[in-house]
>>> print(open('target_36.txt').read())   # compact mmCIF, C-alpha atoms and all ligand atoms
# COMPACT_ATOMS: atom_id res chain seq x y z
CA MET A 1 -20.47 1.67 -29.09
CA THR A 2 -23.67 3.60 -28.32
CA PRO A 3 -26.49 4.04 -30.91
CA LEU A 4 -25.27 7.60 -31.45
CA GLY A 5 -21.71 6.31 -31.84
CA ASP A 6 -22.88 4.04 -34.66
CA LEU A 7 -24.72 6.91 -36.35
CA LEU A 8 -21.68 9.19 -36.15
CA ALA A 9 -19.33 6.46 -37.39
CA ARG A 10 -21.54 5.95 -40.47
CA ARG A 11 -21.62 9.69 -41.06
CA ILE A 12 -17.82 10.00 -40.80
CA ALA A 13 -17.35 7.01 -43.14
CA LYS A 14 -19.61 8.70 -45.68
CA THR A 15 -18.73 12.40 -45.48
CA GLY A 16 -15.37 12.56 -43.71
CA PRO A 17 -14.06 13.64 -40.29
CA LEU A 18 -16.17 15.82 -37.97
CA ILE A 19 -14.77 18.98 -36.43
CA LEU A 20 -15.00 18.97 -32.64
CA ALA A 21 -17.88 21.47 -32.60
CA ASP A 22 -20.04 19.18 -34.72
CA TYR A 23 -19.11 16.13 -32.65
CA MET A 24 -19.92 17.98 -29.43
CA ALA A 25 -23.23 19.33 -30.75
CA GLU A 26 -24.34 15.87 -31.85
CA CYS A 27 -23.32 14.23 -28.56
CA LEU A 28 -25.11 16.83 -26.44
CA PHE A 29 -28.19 17.66 -28.52
CA HIS A 30 -28.83 14.96 -31.11
CA PRO A 31 -32.66 14.99 -31.30
CA ARG A 32 -32.93 11.37 -30.13
CA HIS A 33 -29.71 10.29 -28.52
CA GLY A 34 -28.19 13.57 -27.31
CA TYR A 35 -26.94 13.68 -23.75
CA TYR A 36 -29.18 16.58 -22.72
CA VAL A 37 -32.14 15.33 -24.75
CA SER A 38 -32.43 11.87 -23.30
CA GLY A 39 -31.99 12.38 -19.57
CA ASP A 40 -31.46 14.48 -16.46
CA PRO A 41 -27.71 14.75 -15.89
CA LEU A 42 -28.20 16.70 -12.65
CA GLY A 43 -30.67 14.34 -11.00
CA ALA A 44 -30.03 11.83 -8.24
CA GLY A 45 -27.32 9.51 -9.54
CA GLY A 46 -26.54 12.10 -12.23
CA ASP A 47 -23.20 12.92 -13.76
CA PHE A 48 -22.27 16.26 -12.22
CA THR A 49 -23.35 18.75 -9.56
CA THR A 50 -23.63 22.49 -9.96
CA ALA A 51 -23.45 25.39 -7.50
CA PRO A 52 -27.24 25.89 -7.14
CA GLU A 53 -27.62 22.17 -6.41
CA ILE A 54 -24.91 22.44 -3.71
CA SER A 55 -26.46 25.28 -1.70
CA GLN A 56 -29.52 27.54 -1.84
CA THR A 57 -27.28 30.45 -0.77
CA PHE A 58 -25.78 30.63 -4.28
CA GLY A 59 -29.06 31.50 -5.98
CA GLU A 60 -30.30 33.66 -3.14
CA ILE A 61 -27.29 35.92 -3.14
CA LEU A 62 -27.16 36.19 -6.95
CA GLY A 63 -30.91 36.89 -7.03
CA LEU A 64 -30.34 39.85 -4.74
CA CYS A 65 -27.46 40.97 -6.98
CA LEU A 66 -29.80 41.03 -10.00
CA ALA A 67 -32.55 42.72 -7.97
CA GLN A 68 -30.12 45.45 -6.84
CA SER A 69 -29.17 46.02 -10.47
CA TRP A 70 -32.89 46.31 -11.31
CA LEU A 71 -33.29 48.93 -8.54
CA ASP A 72 -30.19 50.79 -9.82
CA GLN A 73 -31.76 50.99 -13.28
CA GLY A 74 -34.98 52.59 -12.03
CA ARG A 75 -37.13 49.46 -11.46
CA PRO A 76 -38.23 48.97 -15.08
CA GLN A 77 -41.53 47.12 -15.44
CA PRO A 78 -42.31 44.82 -16.97
CA PHE A 79 -38.90 43.23 -17.48
CA ALA A 80 -37.61 39.82 -18.55
CA LEU A 81 -36.04 37.78 -15.76
CA ALA A 82 -34.17 35.24 -17.84
CA GLU A 83 -31.88 32.27 -17.43
CA LEU A 84 -29.77 30.38 -19.95
CA GLY A 85 -29.59 26.63 -19.35
CA PRO A 86 -31.61 26.51 -16.11
CA GLY A 87 -30.93 22.82 -15.39
CA ARG A 88 -33.43 21.63 -12.79
CA GLY A 89 -34.78 25.16 -12.17
CA THR A 90 -33.19 25.34 -8.73
CA LEU A 91 -31.24 28.55 -9.34
CA MET A 92 -34.29 30.41 -10.63
CA ALA A 93 -36.43 29.18 -7.73
CA ASP A 94 -33.81 30.43 -5.25
CA ILE A 95 -33.55 33.77 -7.07
CA LEU A 96 -37.32 34.28 -6.96
CA ARG A 97 -37.57 33.35 -3.29
CA ALA A 98 -34.79 35.70 -2.20
CA ALA A 99 -35.92 38.54 -4.46
CA ARG A 100 -39.35 38.62 -2.82
CA ALA A 101 -37.58 40.82 -0.25
CA VAL A 102 -37.26 43.53 -2.94
CA PRO A 103 -40.69 45.19 -3.34
CA GLY A 104 -42.02 45.10 -6.90
CA PHE A 105 -39.28 42.93 -8.43
CA VAL A 106 -41.06 39.59 -8.62
CA GLU A 107 -44.34 41.23 -9.69
CA ALA A 108 -42.63 43.05 -12.58
CA ALA A 109 -40.71 39.97 -13.74
CA GLN A 110 -41.70 37.93 -16.80
CA LEU A 111 -39.89 34.60 -16.63
CA HIS A 112 -37.98 33.52 -19.74
CA LEU A 113 -35.92 30.33 -19.78
CA VAL A 114 -33.66 29.33 -22.67
CA GLU A 115 -33.45 25.55 -22.58
CA ALA A 116 -32.84 22.98 -25.31
CA SER A 117 -33.63 19.85 -23.33
CA PRO A 118 -37.26 18.68 -23.17
CA ALA A 119 -36.48 16.56 -20.09
CA LEU A 120 -34.99 19.53 -18.25
CA ARG A 121 -37.86 21.84 -19.33
CA ALA A 122 -40.26 19.44 -17.60
CA CYS A 123 -38.08 19.43 -14.51
CA GLN A 124 -37.96 23.26 -14.49
CA ALA A 125 -41.76 23.47 -14.80
CA GLU A 126 -42.10 21.26 -11.75
CA THR A 127 -39.56 23.20 -9.68
CA LEU A 128 -41.12 26.57 -10.52
CA GLY A 129 -44.65 25.37 -9.75
CA SER A 130 -47.44 27.80 -10.52
CA ARG A 131 -45.20 30.56 -11.92
CA GLN A 132 -45.86 31.41 -15.55
CA VAL A 133 -42.81 30.64 -17.67
CA GLN A 134 -41.95 31.07 -21.31
CA TRP A 135 -39.39 28.66 -22.71
CA HIS A 136 -37.22 29.40 -25.71
CA ALA A 137 -34.83 27.26 -27.73
CA GLU A 138 -32.59 30.22 -28.62
CA VAL A 139 -31.51 33.49 -26.99
CA GLY A 140 -32.70 35.29 -30.11
CA ALA A 141 -36.28 34.59 -28.97
CA LEU A 142 -35.92 36.62 -25.75
CA PRO A 143 -38.47 39.47 -25.74
CA ASP A 144 -37.78 43.14 -26.44
CA LEU A 145 -37.82 44.13 -22.76
CA PRO A 146 -35.27 45.22 -20.16
CA LEU A 147 -33.32 42.03 -19.53
CA PHE A 148 -31.97 40.79 -16.21
CA LEU A 149 -30.31 37.47 -16.92
CA ILE A 150 -28.26 34.76 -15.28
CA ALA A 151 -26.33 31.87 -16.80
CA ASN A 152 -24.51 29.32 -14.64
CA GLU A 153 -22.58 26.53 -16.39
CA PHE A 154 -24.33 27.24 -19.71
CA PHE A 155 -21.44 28.43 -21.87
CA ASP A 156 -19.17 25.46 -21.08
CA ALA A 157 -21.68 23.21 -22.87
CA LEU A 158 -21.60 25.21 -26.12
CA PRO A 159 -19.55 23.46 -28.80
CA ILE A 160 -15.89 24.41 -29.24
CA ARG A 161 -13.47 24.19 -32.12
CA GLN A 162 -9.92 23.30 -31.18
CA PHE A 163 -6.75 24.29 -33.03
CA ARG A 164 -3.03 23.52 -32.74
CA ARG A 165 -0.60 26.10 -34.04
CA GLY A 166 1.45 24.71 -36.91
CA ALA A 167 5.00 25.46 -38.06
CA ALA A 168 5.88 29.07 -38.93
CA GLY A 169 3.59 30.49 -41.58
CA VAL A 170 1.46 27.40 -42.23
CA GLY A 171 -1.47 28.31 -39.97
CA TRP A 172 -3.46 26.06 -37.65
CA HIS A 173 -4.37 22.37 -37.53
CA GLU A 174 -7.96 21.75 -36.46
CA ARG A 175 -8.88 18.82 -34.22
CA VAL A 176 -11.30 16.41 -35.87
CA VAL A 177 -12.94 13.11 -35.01
CA THR A 178 -12.16 10.42 -37.55
CA LEU A 179 -12.27 6.60 -37.72
CA ARG A 180 -9.52 4.04 -37.26
CA ASP A 181 -9.27 1.13 -39.70
CA ASP A 182 -11.36 -0.98 -37.31
CA GLY A 183 -14.16 1.62 -37.39
CA THR A 184 -13.66 3.01 -33.86
CA PRO A 185 -13.46 6.81 -33.45
CA ALA A 186 -10.14 8.59 -32.94
CA PHE A 187 -8.91 12.17 -32.78
CA ALA A 188 -6.79 13.56 -35.60
CA TRP A 189 -5.48 16.95 -36.74
CA SER A 190 -6.44 18.42 -40.10
CA ALA A 191 -3.90 19.85 -42.54
CA PRO A 192 -2.87 23.37 -41.46
CA ALA A 193 -4.67 26.44 -42.77
CA PRO A 194 -4.82 30.11 -41.79
CA VAL A 195 -7.72 30.94 -39.40
CA ALA A 196 -8.65 34.61 -39.35
CA ALA A 197 -10.43 34.38 -35.98
CA LEU A 198 -7.17 33.22 -34.38
CA ALA A 199 -5.10 36.23 -35.46
CA PRO A 200 -5.19 37.72 -31.91
CA GLN A 201 -3.71 34.47 -30.54
CA LEU A 202 -0.61 34.72 -32.73
CA ALA A 203 1.00 37.13 -30.27
CA ASP A 204 0.85 34.80 -27.27
CA THR A 205 1.18 31.29 -28.70
CA ALA A 206 4.01 29.22 -30.17
CA GLU A 207 4.14 26.22 -32.49
CA GLY A 208 2.32 23.26 -30.93
CA ASP A 209 0.12 25.36 -28.61
CA ILE A 210 -3.58 24.54 -28.50
CA VAL A 211 -6.35 27.17 -28.45
CA GLU A 212 -10.12 26.88 -28.51
CA LEU A 213 -12.82 28.94 -30.18
CA ARG A 214 -16.51 28.87 -29.31
CA PRO A 215 -18.41 30.53 -32.17
CA ALA A 216 -21.85 29.88 -30.64
CA ALA A 217 -20.84 31.71 -27.44
CA ASP A 218 -19.84 34.82 -29.39
CA ALA A 219 -23.23 34.76 -31.12
CA VAL A 220 -25.08 34.46 -27.78
CA MET A 221 -23.07 37.35 -26.29
CA GLN A 222 -23.88 39.55 -29.25
CA VAL A 223 -27.60 38.94 -28.77
CA LEU A 224 -27.44 39.61 -25.00
CA ALA A 225 -25.43 42.78 -25.49
CA GLY A 226 -27.83 43.95 -28.20
CA ARG A 227 -30.88 43.43 -25.95
CA ILE A 228 -29.26 45.15 -22.96
CA ALA A 229 -27.98 48.07 -25.05
CA ALA A 230 -31.44 48.61 -26.56
CA HIS A 231 -33.71 48.01 -23.55
CA GLY A 232 -31.50 48.16 -20.44
CA GLY A 233 -30.72 45.42 -17.96
CA ALA A 234 -27.80 43.27 -16.85
CA ALA A 235 -26.45 39.76 -17.27
CA VAL A 236 -24.39 37.70 -14.83
CA ILE A 237 -22.44 34.82 -16.37
CA ILE A 238 -20.70 32.20 -14.22
CA ASP A 239 -18.64 29.27 -15.38
CA TYR A 240 -15.28 27.55 -15.08
CA GLY A 241 -12.57 29.01 -17.21
CA ASP A 242 -10.10 31.82 -17.54
CA ALA A 243 -9.48 35.21 -19.03
CA ARG A 244 -7.90 33.52 -22.09
CA SER A 245 -8.25 30.19 -23.87
CA ARG A 246 -5.25 28.08 -22.90
CA GLY A 247 -4.48 24.53 -23.92
CA ASP A 248 -6.78 21.57 -24.37
CA THR A 249 -9.72 21.85 -21.96
CA PHE A 250 -12.12 19.51 -23.76
CA GLN A 251 -13.47 17.02 -21.22
CA ALA A 252 -16.07 14.32 -20.74
CA VAL A 253 -17.70 13.49 -17.40
CA ARG A 254 -19.90 10.59 -16.49
CA GLY A 255 -20.99 9.61 -12.98
CA HIS A 256 -18.88 12.43 -11.44
CA ALA A 257 -15.66 11.10 -13.03
CA PRO A 258 -13.67 12.00 -16.15
CA VAL A 259 -14.10 9.57 -19.06
CA ASP A 260 -12.81 9.26 -22.63
CA PRO A 261 -14.87 11.76 -24.69
CA LEU A 262 -14.97 9.35 -27.64
CA ALA A 263 -15.95 6.24 -25.69
CA GLU A 264 -19.72 6.62 -25.26
CA PRO A 265 -21.13 9.36 -27.50
CA GLY A 266 -24.38 10.72 -26.05
CA ARG A 267 -23.87 9.19 -22.59
CA ALA A 268 -21.25 11.55 -21.15
CA ASP A 269 -21.36 15.29 -20.59
CA LEU A 270 -18.92 17.11 -22.88
CA THR A 271 -17.63 20.55 -21.95
CA ALA A 272 -14.66 22.86 -22.25
CA HIS A 273 -13.46 25.80 -20.19
CA VAL A 274 -14.96 29.19 -20.94
CA ASP A 275 -12.76 31.89 -22.47
CA PHE A 276 -13.99 34.94 -20.56
CA GLY A 277 -11.84 37.26 -22.68
CA ALA A 278 -13.68 36.11 -25.80
CA LEU A 279 -17.07 36.52 -24.09
CA ARG A 280 -16.17 40.06 -23.06
CA GLU A 281 -14.94 40.98 -26.53
CA ALA A 282 -18.16 39.71 -28.13
CA ALA A 283 -20.30 41.92 -25.86
CA ARG A 284 -20.23 45.16 -27.84
CA GLY A 285 -22.08 48.35 -26.90
CA VAL A 286 -22.63 47.55 -23.21
CA GLY A 287 -20.60 47.80 -20.01
CA VAL A 288 -18.61 44.65 -19.23
CA SER A 289 -16.93 43.80 -15.92
CA GLU A 290 -13.55 42.18 -15.40
CA PRO A 291 -13.78 38.45 -14.67
CA VAL A 292 -14.00 37.93 -10.89
CA ALA A 293 -13.40 34.65 -9.06
CA GLN A 294 -16.64 33.02 -7.87
CA GLY A 295 -15.48 32.81 -4.25
CA LEU A 296 -14.60 36.50 -4.14
CA LEU A 297 -17.86 37.52 -5.83
CA LEU A 298 -19.99 35.48 -3.44
CA GLU A 299 -18.09 36.82 -0.41
CA ARG A 300 -18.57 40.40 -1.62
CA LEU A 301 -22.29 39.75 -2.02
CA GLY A 302 -22.56 38.54 1.58
CA ILE A 303 -22.85 34.78 1.16
CA THR A 304 -21.09 34.13 4.47
CA ALA A 305 -23.60 36.19 6.46
CA ARG A 306 -26.43 34.34 4.72
CA ALA A 307 -24.79 30.95 5.39
CA GLN A 308 -24.33 31.87 9.08
CA ALA A 309 -27.98 32.87 9.38
CA LEU A 310 -29.07 29.51 7.95
CA ALA A 311 -26.57 27.66 10.16
CA ARG A 312 -28.32 28.88 13.32
CA ARG A 313 -31.21 26.53 12.61
CA LEU A 314 -28.99 23.50 11.96
CA THR A 315 -27.20 20.92 14.10
CA GLY A 316 -25.25 17.70 13.66
CA ALA A 317 -24.88 16.22 10.17
CA ALA A 318 -27.11 18.88 8.59
CA LEU A 319 -24.84 21.63 9.96
CA GLU A 320 -21.72 19.80 8.79
CA SER A 321 -23.01 19.42 5.24
CA HIS A 322 -24.12 23.08 5.21
CA VAL A 323 -20.62 24.20 6.20
CA ALA A 324 -19.07 21.87 3.60
CA ALA A 325 -21.37 23.27 0.90
CA HIS A 326 -20.34 26.83 1.75
CA ARG A 327 -16.69 25.86 1.55
CA ARG A 328 -17.24 24.07 -1.75
CA LEU A 329 -18.74 27.18 -3.38
CA THR A 330 -16.20 29.67 -2.08
CA HIS A 331 -12.87 28.02 -1.19
CA PRO A 332 -9.97 28.50 -3.64
CA ALA A 333 -9.19 24.78 -3.50
CA GLU A 334 -12.75 23.94 -4.56
CA MET A 335 -14.98 26.06 -6.87
CA GLY A 336 -13.82 29.43 -5.52
CA THR A 337 -11.18 30.31 -8.11
CA LEU A 338 -11.72 27.81 -10.95
CA PHE A 339 -15.11 29.42 -11.52
CA LYS A 340 -15.30 33.04 -12.63
CA ALA A 341 -18.08 35.51 -13.28
CA VAL A 342 -18.54 38.48 -15.59
CA ALA A 343 -21.39 40.96 -15.70
CA LEU A 344 -22.83 42.98 -18.57
CA HIS A 345 -24.82 46.11 -17.85
CA ALA A 346 -26.69 48.82 -19.69
CA PRO A 347 -24.44 51.66 -20.87
CA GLY A 348 -24.37 54.38 -18.21
CA ALA A 349 -25.89 52.17 -15.49
CA PRO A 350 -23.81 51.03 -12.51
CA LEU A 351 -22.28 47.56 -12.58
CA PRO A 352 -24.21 44.91 -10.64
CA PRO A 353 -22.84 44.75 -7.07
CA GLY A 354 -19.76 42.60 -6.46
CA PHE A 355 -18.17 43.21 -9.89
CA ASP A 356 -15.17 45.35 -10.89
CA PRO A 357 -15.18 47.51 -14.03
N1 LIG A 401 -27.56 26.22 -14.85
C1 LIG A 401 -27.89 24.93 -14.30
C2 LIG A 401 -27.61 23.77 -15.26
C3 LIG A 401 -26.26 23.69 -15.91
S1 LIG A 401 -26.18 22.31 -17.03
C4 LIG A 401 -27.20 24.73 -12.99
O1 LIG A 401 -26.36 25.55 -12.66
O2 LIG A 401 -27.52 23.77 -12.30
C5 LIG A 401 -26.33 23.11 -18.63
C6 LIG A 401 -27.71 23.56 -18.95
O3 LIG A 401 -27.67 24.27 -20.19
C7 LIG A 401 -28.73 22.45 -19.13
O4 LIG A 401 -29.97 22.93 -18.69
C8 LIG A 401 -28.69 22.25 -20.65
O5 LIG A 401 -29.79 21.57 -21.14
C9 LIG A 401 -28.59 23.67 -21.12
N2 LIG A 401 -28.01 23.89 -22.45
C10 LIG A 401 -26.76 23.54 -22.85
N3 LIG A 401 -26.54 23.92 -24.12
C11 LIG A 401 -27.67 24.55 -24.52
C12 LIG A 401 -28.07 25.18 -25.75
N4 LIG A 401 -27.24 25.22 -26.78
N5 LIG A 401 -29.28 25.74 -25.81
C13 LIG A 401 -30.12 25.70 -24.75
N6 LIG A 401 -29.81 25.10 -23.58
C14 LIG A 401 -28.61 24.53 -23.47
>>> encode(input="target_36.txt", output="structure tokens", more="lines below")
Ligand code: SAH
Amino acid sequence: MTPLGDLLARRIAKTGPLILADYMAECLFHPRHGYYVSGDPLGAGGDFTTAPEISQTFGEILGLCLAQSWLDQGRPQPFALAELGPGRGTLMADILRAARAVPGFVEAAQLHLVEASPALRACQAETLGSRQVQWHAEVGALPDLPLFLIANEFFDALPIRQFRRGAAGVGWHERVVTLRDDGTPAFAWSAPAPVAALAPQLADTAEGDIVELRPAADAVMQVLAGRIAAHGGAAVIIDYGDARSRGDTFQAVRGHAPVDPLAEPGRADLTAHVDFGALREAARGVGVSEPVAQGLLLERLGITARAQALARRLTGAALESHVAAHRRLTHPAEMGTLFKAVALHAPGAPLPPGFDP
């Protein structure tokens, strides 16, 4: 067991089982042993790879998408160019480089990064070099300015609660982490109870079905929508998931492979699919797009033309890996359809390019 595993086992022995959201929050962000606190999961030999780390074209094309939205809203200045969970800072660096082609955008941008991990903040500072950056621990600290924001693979890391529908009329069982007699952690289901937030799911679930809620994501969406409604702007959110929460999507990854989420608390990345329907419903008072598949969005934004332009300078193994990276981002069998995107935009302003109302 890891040091965090021992801490959690003592806590469960003392105060009872942990709901999944509390287990996930501790594993990811425990102030000493949390997965994101103690290391760089995206670095060389890390646990997973994300789209901006696969190809520079991802950030370039999405940077131009945000810049077009800024032009469409009358070039407000100053404005906050913000990112949630910027990882190594690669996406923001690619956005800034591409958006230099749009006169005035980079000059008017104040950089705001929402990042909980000290290790990743340091990495972002290095990637972004001399650029002035303000870091925040919470979205609520974003400034009162027009907001143009991106979030890639941020929401999947926010803690979920998981429920199984019980027999007729009894309500929902909640998944908890408890201890076996020998002190090792195990999953269990709580006694059933009604859950008001799951009322909409009653229509399309049956006994035994599993659904997930992500209260922290709803809170983040409310803040983003509030900022954009009050000051203008747009937000582009990309992640793996679907239009509705379906089944058990809780997963642990270590060294690019799935592992048991209870085996090494604090050493594996824990995530769950994003419920884009719930995100959209939480964004009140702003325009919200339909979810669009990542591959389709990137194609619409011209990623293939950009990839072809870069390919002209490449040969041999470099060209092969460039072509493979493009395929990985866009192909339906890779990230193209598993990943989706939604956009928020100021009421009355056009949607960012590439999105459907
Ligand atoms: N967007 C990056 C990194 C994705 S990994 C990329 O595409 O490469 C998830 C990122 O979100 C990490 O930077 C992690 O530290 C951050 N993060 C996760 N949960 C967070 C929270 N609750 N508050 C702030 N940052 C968080």
>>> residues_near_ligand(input="target_36.txt", ligand="ligand LIG 401 (chain A)", cutoff="7 Å", atoms="all atoms listed in the file", output="ChimeraX atom specification")
/A:36,50-53,84-88,90-91,114-117,120,137-138,151-154,157-158
>>> residues_near_point(input="target_36.txt", point="(-9.0, 11.8, -42.5)", cutoff="7 Å", atoms="only C-alpha atoms", output="PyMOL selection string")
chain A and resi 16-17+178
>>> residues_around(input="target_36.txt", residues="region 239-248 of chain A", least_positions_apart="3", cutoff="8 Å", atoms="only C-alpha atoms", output="short mmCIF file (atom, residue, chain, number, x, y, z; two decimals) with C-alpha atoms, keeping the file's coordinate frame")
data_model
loop_
_atom_site.label_atom_id
_atom_site.label_comp_id
_atom_site.auth_asym_id
_atom_site.auth_seq_id
_atom_site.Cartn_x
_atom_site.Cartn_y
_atom_site.Cartn_z
CA ASN A 152 -24.51 29.32 -14.64
CA GLU A 153 -22.58 26.53 -16.39
CA PHE A 154 -24.33 27.24 -19.71
CA PHE A 155 -21.44 28.43 -21.87
CA ASP A 156 -19.17 25.46 -21.08
CA GLN A 162 -9.92 23.30 -31.18
CA ASP A 209 0.12 25.36 -28.61
CA ILE A 210 -3.58 24.54 -28.50
CA VAL A 211 -6.35 27.17 -28.45
CA GLU A 212 -10.12 26.88 -28.51
CA LEU A 213 -12.82 28.94 -30.18
CA HIS A 273 -13.46 25.80 -20.19
CA VAL A 274 -14.96 29.19 -20.94
CA ASP A 275 -12.76 31.89 -22.47
CA PHE A 276 -13.99 34.94 -20.56
CA GLY A 277 -11.84 37.26 -22.68
CA ALA A 278 -13.68 36.11 -25.80
CA PRO A 291 -13.78 38.45 -14.67
CA LEU A 338 -11.72 27.81 -10.95
CA PHE A 339 -15.11 29.42 -11.52
CA LYS A 340 -15.30 33.04 -12.63
CA ALA A 341 -18.08 35.51 -13.28
#
>>> closest_residue(input="target_36.txt", among="A:Arg328, A:Arg306, A:His256, A:Arg280", to="Gly46 (chain A)", atoms="all atoms listed in the file")
A:His256
>>> atom_distance(input="target_36.txt", atom1="CA of Gly232 (chain A)", atom2="CA of Leu147 (chain A)")
6.5 Å
>>> closest_residue(input="target_36.txt", among="A:Leu81, A:Val236, A:Ala268, A:Cys65", to="His33 (chain A)", atoms="all atoms listed in the file")
A:Ala268
>>> closest_residue(input="target_36.txt", among="A:Thr49, A:Thr249, A:Ser69, A:Gln201", to="Val102 (chain A)", atoms="all atoms listed in the file")
A:Ser69
>>> atom_distance(input="target_36.txt", atom1="CA of Leu20 (chain A)", atom2="CA of Val176 (chain A)")
5.5 Å
>>> closest_residue(input="target_36.txt", among="A:Ala99, A:Ala197, A:Leu28, A:Leu142", to="Thr271 (chain A)", atoms="all atoms listed in the file")
A:Leu28
>>> atom_distance(input="target_36.txt", atom1="CA of Ala141 (chain A)", atom2="CA of Ala229 (chain A)")
16.3 Å
>>> closest_residue(input="target_36.txt", among="A:Pro118, A:Gly255, A:Gly140, A:Gly104", to="Pro31 (chain A)", atoms="only C-alpha atoms")
A:Pro118
>>> closest_residue(input="target_36.txt", among="A:Val177, A:Ala80, A:Leu111, A:Met92", to="Ala13 (chain A)", atoms="all atoms listed in the file")
A:Val177
>>> residues_around(input="target_36.txt", residues="Pro215 (chain A)", least_positions_apart="3", cutoff="8 Å", atoms="all atoms listed in the file", output="PyMOL selection string")
chain A and resi 159-160+218-219
>>> axis_aligned_box(input="target_36.txt", around="region 152-164 of chain A", padding_each_side="5 Å", output="AutoDock Vina command-line options")
--center_x -13.8 --center_y 26.3 --center_z -23.8 --size_x 31.5 --size_y 16.1 --size_z 28.4
>>> residues_around(input="target_36.txt", residues="Ala191 (chain A)", least_positions_apart="4", cutoff="9 Å", atoms="all atoms listed in the file", output="ChimeraX atom specification")
/A:172-174
>>> build_atoms(input="target_36.txt", residues="region 189-200 of chain A", atoms="N, CA, C and O atoms", output="mmCIF file, keeping the file's coordinate frame")
data_model
loop_
_atom_site.group_PDB
_atom_site.id
_atom_site.type_symbol
_atom_site.label_atom_id
_atom_site.label_comp_id
_atom_site.auth_asym_id
_atom_site.auth_seq_id
_atom_site.Cartn_x
_atom_site.Cartn_y
_atom_site.Cartn_z
ATOM 1 N N TRP A 189 -5.633 15.520 -36.444
ATOM 2 C CA TRP A 189 -5.480 16.950 -36.740
ATOM 3 C C TRP A 189 -5.558 17.149 -38.253
ATOM 4 O O TRP A 189 -4.929 16.419 -39.012
ATOM 5 N N SER A 190 -6.313 18.125 -38.670
ATOM 6 C CA SER A 190 -6.440 18.420 -40.100
ATOM 7 C C SER A 190 -5.147 19.063 -40.621
ATOM 8 O O SER A 190 -4.299 19.492 -39.836
ATOM 9 N N ALA A 191 -5.025 19.129 -41.943
ATOM 10 C CA ALA A 191 -3.900 19.850 -42.540
ATOM 11 C C ALA A 191 -3.984 21.315 -42.138
ATOM 12 O O ALA A 191 -5.083 21.845 -41.950
ATOM 13 N N PRO A 192 -2.835 21.994 -41.968
ATOM 14 C CA PRO A 192 -2.870 23.370 -41.460
ATOM 15 C C PRO A 192 -3.446 24.353 -42.476
ATOM 16 O O PRO A 192 -3.310 24.165 -43.682
ATOM 17 N N ALA A 193 -4.110 25.382 -41.929
ATOM 18 C CA ALA A 193 -4.670 26.440 -42.770
ATOM 19 C C ALA A 193 -4.728 27.716 -41.930
ATOM 20 O O ALA A 193 -4.810 27.632 -40.698
ATOM 21 N N PRO A 194 -4.682 28.881 -42.568
ATOM 22 C CA PRO A 194 -4.820 30.110 -41.790
ATOM 23 C C PRO A 194 -6.245 30.213 -41.238
ATOM 24 O O PRO A 194 -7.190 29.761 -41.879
ATOM 25 N N VAL A 195 -6.401 30.751 -40.014
ATOM 26 C CA VAL A 195 -7.720 30.940 -39.400
ATOM 27 C C VAL A 195 -7.793 32.385 -38.930
ATOM 28 O O VAL A 195 -7.112 32.776 -37.980
ATOM 29 N N ALA A 196 -8.615 33.179 -39.630
ATOM 30 C CA ALA A 196 -8.650 34.610 -39.350
ATOM 31 C C ALA A 196 -9.014 34.891 -37.894
ATOM 32 O O ALA A 196 -8.430 35.768 -37.253
ATOM 33 N N ALA A 197 -9.956 34.120 -37.349
ATOM 34 C CA ALA A 197 -10.430 34.380 -35.980
ATOM 35 C C ALA A 197 -9.333 34.151 -34.944
ATOM 36 O O ALA A 197 -9.471 34.561 -33.795
ATOM 37 N N LEU A 198 -8.236 33.490 -35.344
ATOM 38 C CA LEU A 198 -7.170 33.220 -34.380
ATOM 39 C C LEU A 198 -6.027 34.231 -34.478
ATOM 40 O O LEU A 198 -5.032 34.107 -33.749
ATOM 41 N N ALA A 199 -6.170 35.234 -35.319
ATOM 42 C CA ALA A 199 -5.100 36.230 -35.460
ATOM 43 C C ALA A 199 -4.674 36.818 -34.108
ATOM 44 O O ALA A 199 -3.470 36.946 -33.845
ATOM 45 N N PRO A 200 -5.632 37.155 -33.203
ATOM 46 C CA PRO A 200 -5.190 37.720 -31.910
ATOM 47 C C PRO A 200 -4.334 36.750 -31.104
ATOM 48 O O PRO A 200 -3.560 37.173 -30.248
#
